[in-house]
$ cat structure06.txt   # compact mmCIF, C-alpha atoms
# COMPACT_ATOMS: atom_id res chain seq x y z
CA MET T 1 -27.12 -107.24 80.08
CA THR T 2 -29.91 -105.82 82.22
CA GLU T 3 -30.42 -102.13 82.95
CA THR T 4 -29.12 -102.52 86.49
CA GLN T 5 -25.98 -104.27 85.28
CA ASN T 6 -25.42 -101.55 82.69
CA ASN T 7 -25.63 -98.79 85.36
CA THR T 8 -22.90 -100.48 87.40
CA THR T 9 -20.46 -100.03 84.52
CA LEU T 10 -20.82 -96.25 84.78
CA THR T 11 -19.12 -94.20 87.47
CA LEU T 12 -21.35 -92.48 89.99
CA SER T 13 -20.58 -89.07 88.49
CA ALA T 14 -21.50 -90.41 85.01
CA GLN T 15 -24.83 -91.72 86.33
CA ILE T 16 -25.50 -88.35 88.01
CA GLU T 17 -24.62 -86.54 84.77
CA ALA T 18 -27.08 -88.71 82.83
CA LEU T 19 -29.87 -87.96 85.33
CA LEU T 20 -29.18 -84.21 85.24
CA PHE T 21 -29.01 -84.27 81.44
CA VAL T 22 -32.47 -85.77 81.01
CA SER T 23 -34.18 -84.04 83.92
CA PRO T 24 -36.53 -81.24 82.85
CA ALA T 25 -35.86 -79.41 86.15
CA ALA T 26 -33.09 -79.04 88.69
CA LEU T 27 -32.78 -81.94 91.15
CA THR T 28 -31.86 -82.13 94.81
CA PRO T 29 -29.02 -84.41 95.89
CA ALA T 30 -31.62 -86.39 97.90
CA GLN T 31 -33.69 -87.01 94.73
CA ILE T 32 -30.59 -88.23 92.90
CA ALA T 33 -29.61 -90.45 95.86
CA LYS T 34 -33.07 -92.02 95.92
CA VAL T 35 -33.02 -92.81 92.19
CA LEU T 36 -29.50 -94.25 92.35
CA ASP T 37 -30.14 -95.97 95.70
CA VAL T 38 -26.97 -94.56 97.27
CA PRO T 39 -26.36 -92.35 100.31
CA THR T 40 -26.71 -88.59 99.78
CA ARG T 41 -23.09 -88.05 100.92
CA LEU T 42 -21.92 -90.19 97.95
CA VAL T 43 -24.08 -88.12 95.61
CA GLU T 44 -22.51 -84.92 97.01
CA LYS T 45 -19.04 -86.40 96.32
CA GLY T 46 -20.16 -87.40 92.81
CA LEU T 47 -21.51 -83.88 92.22
CA ASP T 48 -18.17 -82.39 93.31
CA ASP T 49 -16.33 -84.74 90.92
CA LEU T 50 -18.74 -83.90 88.10
CA THR T 51 -18.35 -80.17 88.76
CA ALA T 52 -14.57 -80.47 88.37
CA GLU T 53 -14.98 -82.49 85.15
CA CYS T 54 -17.51 -80.02 83.71
CA ASN T 55 -15.16 -77.06 84.20
CA GLN T 56 -13.08 -78.48 81.36
CA ARG T 57 -16.05 -78.78 78.99
CA GLY T 58 -18.89 -76.79 77.46
CA ILE T 59 -21.31 -77.47 80.28
CA ARG T 60 -21.36 -76.38 83.92
CA MET T 61 -22.97 -77.57 87.13
CA GLN T 62 -25.25 -74.95 88.63
CA ARG T 63 -26.39 -75.06 92.26
CA HIS T 64 -29.28 -72.92 93.44
CA GLN T 65 -31.52 -73.25 96.49
CA GLY T 66 -30.35 -76.79 97.21
CA ARG T 67 -30.91 -77.99 93.65
CA VAL T 68 -28.47 -78.90 90.90
CA GLN T 69 -28.73 -78.73 87.11
CA LEU T 70 -26.55 -78.77 84.03
CA THR T 71 -26.22 -75.55 82.05
CA SER T 72 -24.16 -74.45 79.10
CA ALA T 73 -20.85 -72.76 79.84
CA PRO T 74 -21.21 -68.96 79.89
CA GLU T 75 -18.21 -68.74 77.56
CA ALA T 76 -20.29 -70.53 74.91
CA ALA T 77 -23.20 -68.06 75.04
CA GLN T 78 -22.40 -66.25 71.81
CA THR T 79 -21.95 -69.48 69.86
CA ILE T 80 -25.19 -70.93 71.26
CA GLU T 81 -27.12 -67.72 70.51
CA SER T 82 -25.81 -67.89 66.94
CA LEU T 83 -26.89 -71.54 66.54
CA LEU T 84 -30.35 -70.88 67.94
CA GLY T 85 -30.81 -67.64 66.02
CA LEU T 86 -31.23 -65.61 69.18
CA GLU T 87 -30.43 -61.97 69.60
CA SER T 88 -27.54 -61.20 71.84
CA SER T 89 -28.72 -61.11 75.45
CA GLY T 90 -30.45 -57.83 76.14
CA ARG T 91 -28.55 -55.41 78.28
CA LEU T 92 -29.88 -54.43 81.65
CA SER T 93 -30.23 -50.78 82.62
CA ASN T 94 -28.19 -49.39 85.48
CA ALA T 95 -31.37 -49.26 87.58
CA ALA T 96 -32.10 -52.92 86.82
CA LEU T 97 -28.53 -53.94 87.66
CA GLU T 98 -28.71 -51.98 90.90
CA ALA T 99 -32.01 -53.56 91.96
CA LEU T 100 -30.81 -57.01 90.89
CA ALA T 101 -27.65 -56.66 92.98
CA ILE T 102 -29.72 -55.63 96.00
CA VAL T 103 -32.01 -58.65 95.59
CA ALA T 104 -29.07 -61.04 95.03
CA TYR T 105 -27.19 -59.94 98.14
CA LYS T 106 -30.14 -59.31 100.50
CA GLN T 107 -32.61 -62.01 99.46
CA PRO T 108 -35.31 -62.64 100.32
CA ILE T 109 -36.23 -58.97 100.21
CA THR T 110 -39.38 -56.89 99.75
CA ARG T 111 -39.95 -54.06 97.26
CA PRO T 112 -40.08 -51.44 100.05
CA GLN T 113 -36.70 -52.70 101.27
CA VAL T 114 -35.26 -52.42 97.74
CA ASP T 115 -36.77 -48.92 97.50
CA ALA T 116 -35.13 -47.95 100.80
CA VAL T 117 -31.67 -49.01 99.58
CA ARG T 118 -32.09 -47.41 96.15
CA GLY T 119 -33.88 -44.30 97.40
CA VAL T 120 -36.43 -44.45 94.56
CA ASN T 121 -39.52 -46.48 93.62
CA SER T 122 -38.53 -49.86 92.18
CA ASP T 123 -41.91 -51.14 90.91
CA GLY T 124 -41.03 -50.93 87.21
CA VAL T 125 -37.53 -52.29 87.61
CA LEU T 126 -38.71 -55.28 89.65
CA LYS T 127 -41.48 -56.02 87.11
CA SER T 128 -38.87 -55.99 84.35
CA LEU T 129 -36.59 -58.34 86.30
CA LEU T 130 -39.56 -60.64 86.98
CA ASN T 131 -40.46 -60.68 83.26
CA LYS T 132 -36.86 -61.52 82.35
CA GLY T 133 -36.92 -64.39 84.87
CA LEU T 134 -33.95 -63.03 86.82
CA ILE T 135 -35.93 -62.71 90.08
CA GLU T 136 -39.00 -64.46 91.40
CA GLU T 137 -41.60 -64.12 94.13
CA VAL T 138 -40.70 -66.52 96.94
CA GLY T 139 -43.36 -65.76 99.52
CA ARG T 140 -44.68 -62.96 101.67
CA ALA T 141 -43.10 -61.18 104.62
CA GLU T 142 -44.71 -61.66 108.03
CA THR T 143 -45.12 -57.90 108.46
CA MET T 144 -48.01 -55.49 108.08
CA GLY T 145 -49.42 -55.66 104.57
CA ARG T 146 -47.55 -58.93 103.92
CA PRO T 147 -45.39 -57.57 101.08
CA VAL T 148 -44.03 -59.95 98.44
CA LEU T 149 -40.53 -61.34 99.01
CA TYR T 150 -38.18 -61.51 96.02
CA ALA T 151 -35.12 -63.69 95.39
CA SER T 152 -32.84 -64.38 92.45
CA THR T 153 -33.45 -67.35 90.13
CA SER T 154 -31.30 -69.98 88.49
CA ASP T 155 -31.66 -67.90 85.30
CA PHE T 156 -29.93 -65.07 87.17
CA LEU T 157 -27.01 -67.40 87.90
CA GLN T 158 -26.88 -68.57 84.31
CA HIS T 159 -27.12 -65.00 82.93
CA PHE T 160 -24.09 -63.95 84.97
CA GLY T 161 -22.13 -67.19 84.53
CA LEU T 162 -22.33 -68.21 88.19
CA SER T 163 -22.63 -71.74 89.53
CA SER T 164 -24.07 -70.62 92.86
CA LEU T 165 -24.73 -67.49 94.92
CA GLU T 166 -21.55 -68.23 96.86
CA GLU T 167 -19.62 -67.09 93.78
CA LEU T 168 -20.90 -63.52 94.15
CA PRO T 169 -18.04 -61.23 95.12
CA PRO T 170 -18.01 -60.24 98.80
CA LEU T 171 -20.14 -57.21 99.55
CA ASP T 172 -18.37 -54.25 101.12
CA ALA T 173 -21.17 -52.05 102.42
CA SER T 174 -18.98 -48.94 102.66
CA GLU T 175 -17.91 -49.25 99.00
CA MET T 176 -21.54 -49.78 97.94
CA GLN T 177 -22.69 -46.66 99.82
CA ALA T 178 -19.88 -44.60 98.21
CA GLU T 179 -20.87 -45.84 94.74
CA VAL T 180 -24.54 -45.03 95.37
CA ARG T 181 -23.60 -41.49 96.50
CA GLU T 182 -21.40 -41.00 93.40
CA GLY T 183 -24.28 -41.99 91.14
CA GLU T 184 -26.60 -39.36 92.66
$ encode --input "structure06.txt" --output "structure tokens"
Amino acid sequence: MTETQNNTTLTLSAQIEALLFVSPAALTPAQIAKVLDVPTRLVEKGLDDLTAECNQRGIRMQRHQGRVQLTSAPEAAQTIESLLGLESSGRLSNAALEALAIVAYKQPITRPQVDAVRGVNSDGVLKSLLNKGLIEEVGRAETMGRPVLYASTSDFLQHFGLSSLEELPPLDASEMQAEVREGE
């Protein structure tokens, strides 16, 4: 049996799963479609099917910035950390969580914009989040001084057990302002 014949015995979602499993980086649906020589709309359907299948297992589909990858289920984090001999995930300070939430909901966003929402300088907090891989530099704003723009990463999604940014709870600006005032 040739390789091509062997691939036809697998379902589309199984072929997609195999590609995502061996890929060192997240893939776009268009990249998957090209490799499998099928229309992108069929790949999207296969990804939806695979997502449903994965929800019953120890892996999850993660979508971020138009790319897809396989990740371990967040519920398995403690077991995986134990196997790999890792310390339990470090806790984030309240300041880091606050800045991270601002970046996640308002991305792409500049440091001065984060400072304006928080009311304090965010240099140190943003550096910490960059070092932890939870945010990344995604470009520069087209304003005076061309400040760096920040956005969340796929590691952010994985850290919080999210498959995509669409899973973030809806933001109620009035509740957020009340919480910020209470914390002062």
$ residues_around --input "structure06.txt" --residues "Ser72 (chain T)" --least-positions-apart "4" --cutoff "9 Å" --atoms "only C-alpha atoms" --output "ChimeraX atom specification"
/T:58-61,76-77,80,158
$ atom_distance --input "structure06.txt" --atom1 "CA of Gln113 (chain T)" --atom2 "CA of Lys132 (chain T)"
20.9 Å
$ atom_distance --input "structure06.txt" --atom1 "CA of Ala25 (chain T)" --atom2 "CA of Leu165 (chain T)"
18.5 Å
$ closest_atom_pairs --input "structure06.txt" --of "region 116-149 of chain T" --to "region 89-110 of chain T" --cutoff "9 Å" --atoms "only C-alpha atoms" --output "JSON lines"
{"residue": "T:Val117", "atom": "CA", "partner": "T:Ile102", "partner_atom": "CA", "distance": 7.8}
{"residue": "T:Arg118", "atom": "CA", "partner": "T:Ala99", "partner_atom": "CA", "distance": 7.4}
{"residue": "T:Ser122", "atom": "CA", "partner": "T:Ala99", "partner_atom": "CA", "distance": 7.5}
{"residue": "T:Val125", "atom": "CA", "partner": "T:Ala96", "partner_atom": "CA", "distance": 5.5}
{"residue": "T:Leu126", "atom": "CA", "partner": "T:Ala99", "partner_atom": "CA", "distance": 7.3}
{"residue": "T:Ser128", "atom": "CA", "partner": "T:Ala96", "partner_atom": "CA", "distance": 7.8}
{"residue": "T:Leu129", "atom": "CA", "partner": "T:Ala96", "partner_atom": "CA", "distance": 7.1}
{"residue": "T:Leu134", "atom": "CA", "partner": "T:Leu100", "partner_atom": "CA", "distance": 7.9}
{"residue": "T:Ile135", "atom": "CA", "partner": "T:Leu100", "partner_atom": "CA", "distance": 7.7}
{"residue": "T:Glu137", "atom": "CA", "partner": "T:Pro108", "partner_atom": "CA", "distance": 8.9}
{"residue": "T:Val138", "atom": "CA", "partner": "T:Pro108", "partner_atom": "CA", "distance": 7.5}
{"residue": "T:Gly139", "atom": "CA", "partner": "T:Pro108", "partner_atom": "CA", "distance": 8.7}
{"residue": "T:Arg140", "atom": "CA", "partner": "T:Thr110", "partner_atom": "CA", "distance": 8.3}
{"residue": "T:Ala141", "atom": "CA", "partner": "T:Thr110", "partner_atom": "CA", "distance": 7.5}
{"residue": "T:Pro147", "atom": "CA", "partner": "T:Thr110", "partner_atom": "CA", "distance": 6.2}
{"residue": "T:Val148", "atom": "CA", "partner": "T:Thr110", "partner_atom": "CA", "distance": 5.7}
{"residue": "T:Leu149", "atom": "CA", "partner": "T:Thr110", "partner_atom": "CA", "distance": 4.7}
$ closest_residue --input "structure06.txt" --among "T:Arg63, T:Gln31, T:Pro74, T:Ala151" --to "Glu166 (chain T)" --atoms "all atoms listed in the file"
T:Arg63
$ residues_around --input "structure06.txt" --residues "Ser13 (chain T)" --least-positions-apart "4" --cutoff "9 Å" --atoms "all atoms listed in the file" --output "number ranges by chain"
T: 17-18, 43, 45-50
$ residues_around --input "structure06.txt" --residues "Glu136 (chain T)" --least-positions-apart "4" --cutoff "7 Å" --atoms "all atoms listed in the file" --output "short mmCIF file (atom, residue, chain, number, x, y, z; two decimals) with C-alpha atoms, in the frame of the given file"
data_model
loop_
_atom_site.label_atom_id
_atom_site.label_comp_id
_atom_site.auth_asym_id
_atom_site.auth_seq_id
_atom_site.Cartn_x
_atom_site.Cartn_y
_atom_site.Cartn_z
CA LEU T 130 -39.56 -60.64 86.98
CA TYR T 150 -38.18 -61.51 96.02
CA ALA T 151 -35.12 -63.69 95.39
CA SER T 152 -32.84 -64.38 92.45
CA THR T 153 -33.45 -67.35 90.13
#
$ atom_distance --input "structure06.txt" --atom1 "CA of Leu20 (chain T)" --atom2 "CA of Leu70 (chain T)"
6.2 Å
$ residues_around --input "structure06.txt" --residues "Gln65 (chain T)" --least-positions-apart "3" --cutoff "9 Å" --atoms "only C-alpha atoms" --output "PyMOL selection string"
chain T and resi 68+153-154+164
$ closest_residue --input "structure06.txt" --among "T:Arg67, T:Cys54, T:Asp123, T:Leu162" --to "Ser23 (chain T)" --atoms "all atoms listed in the file"
T:Arg67
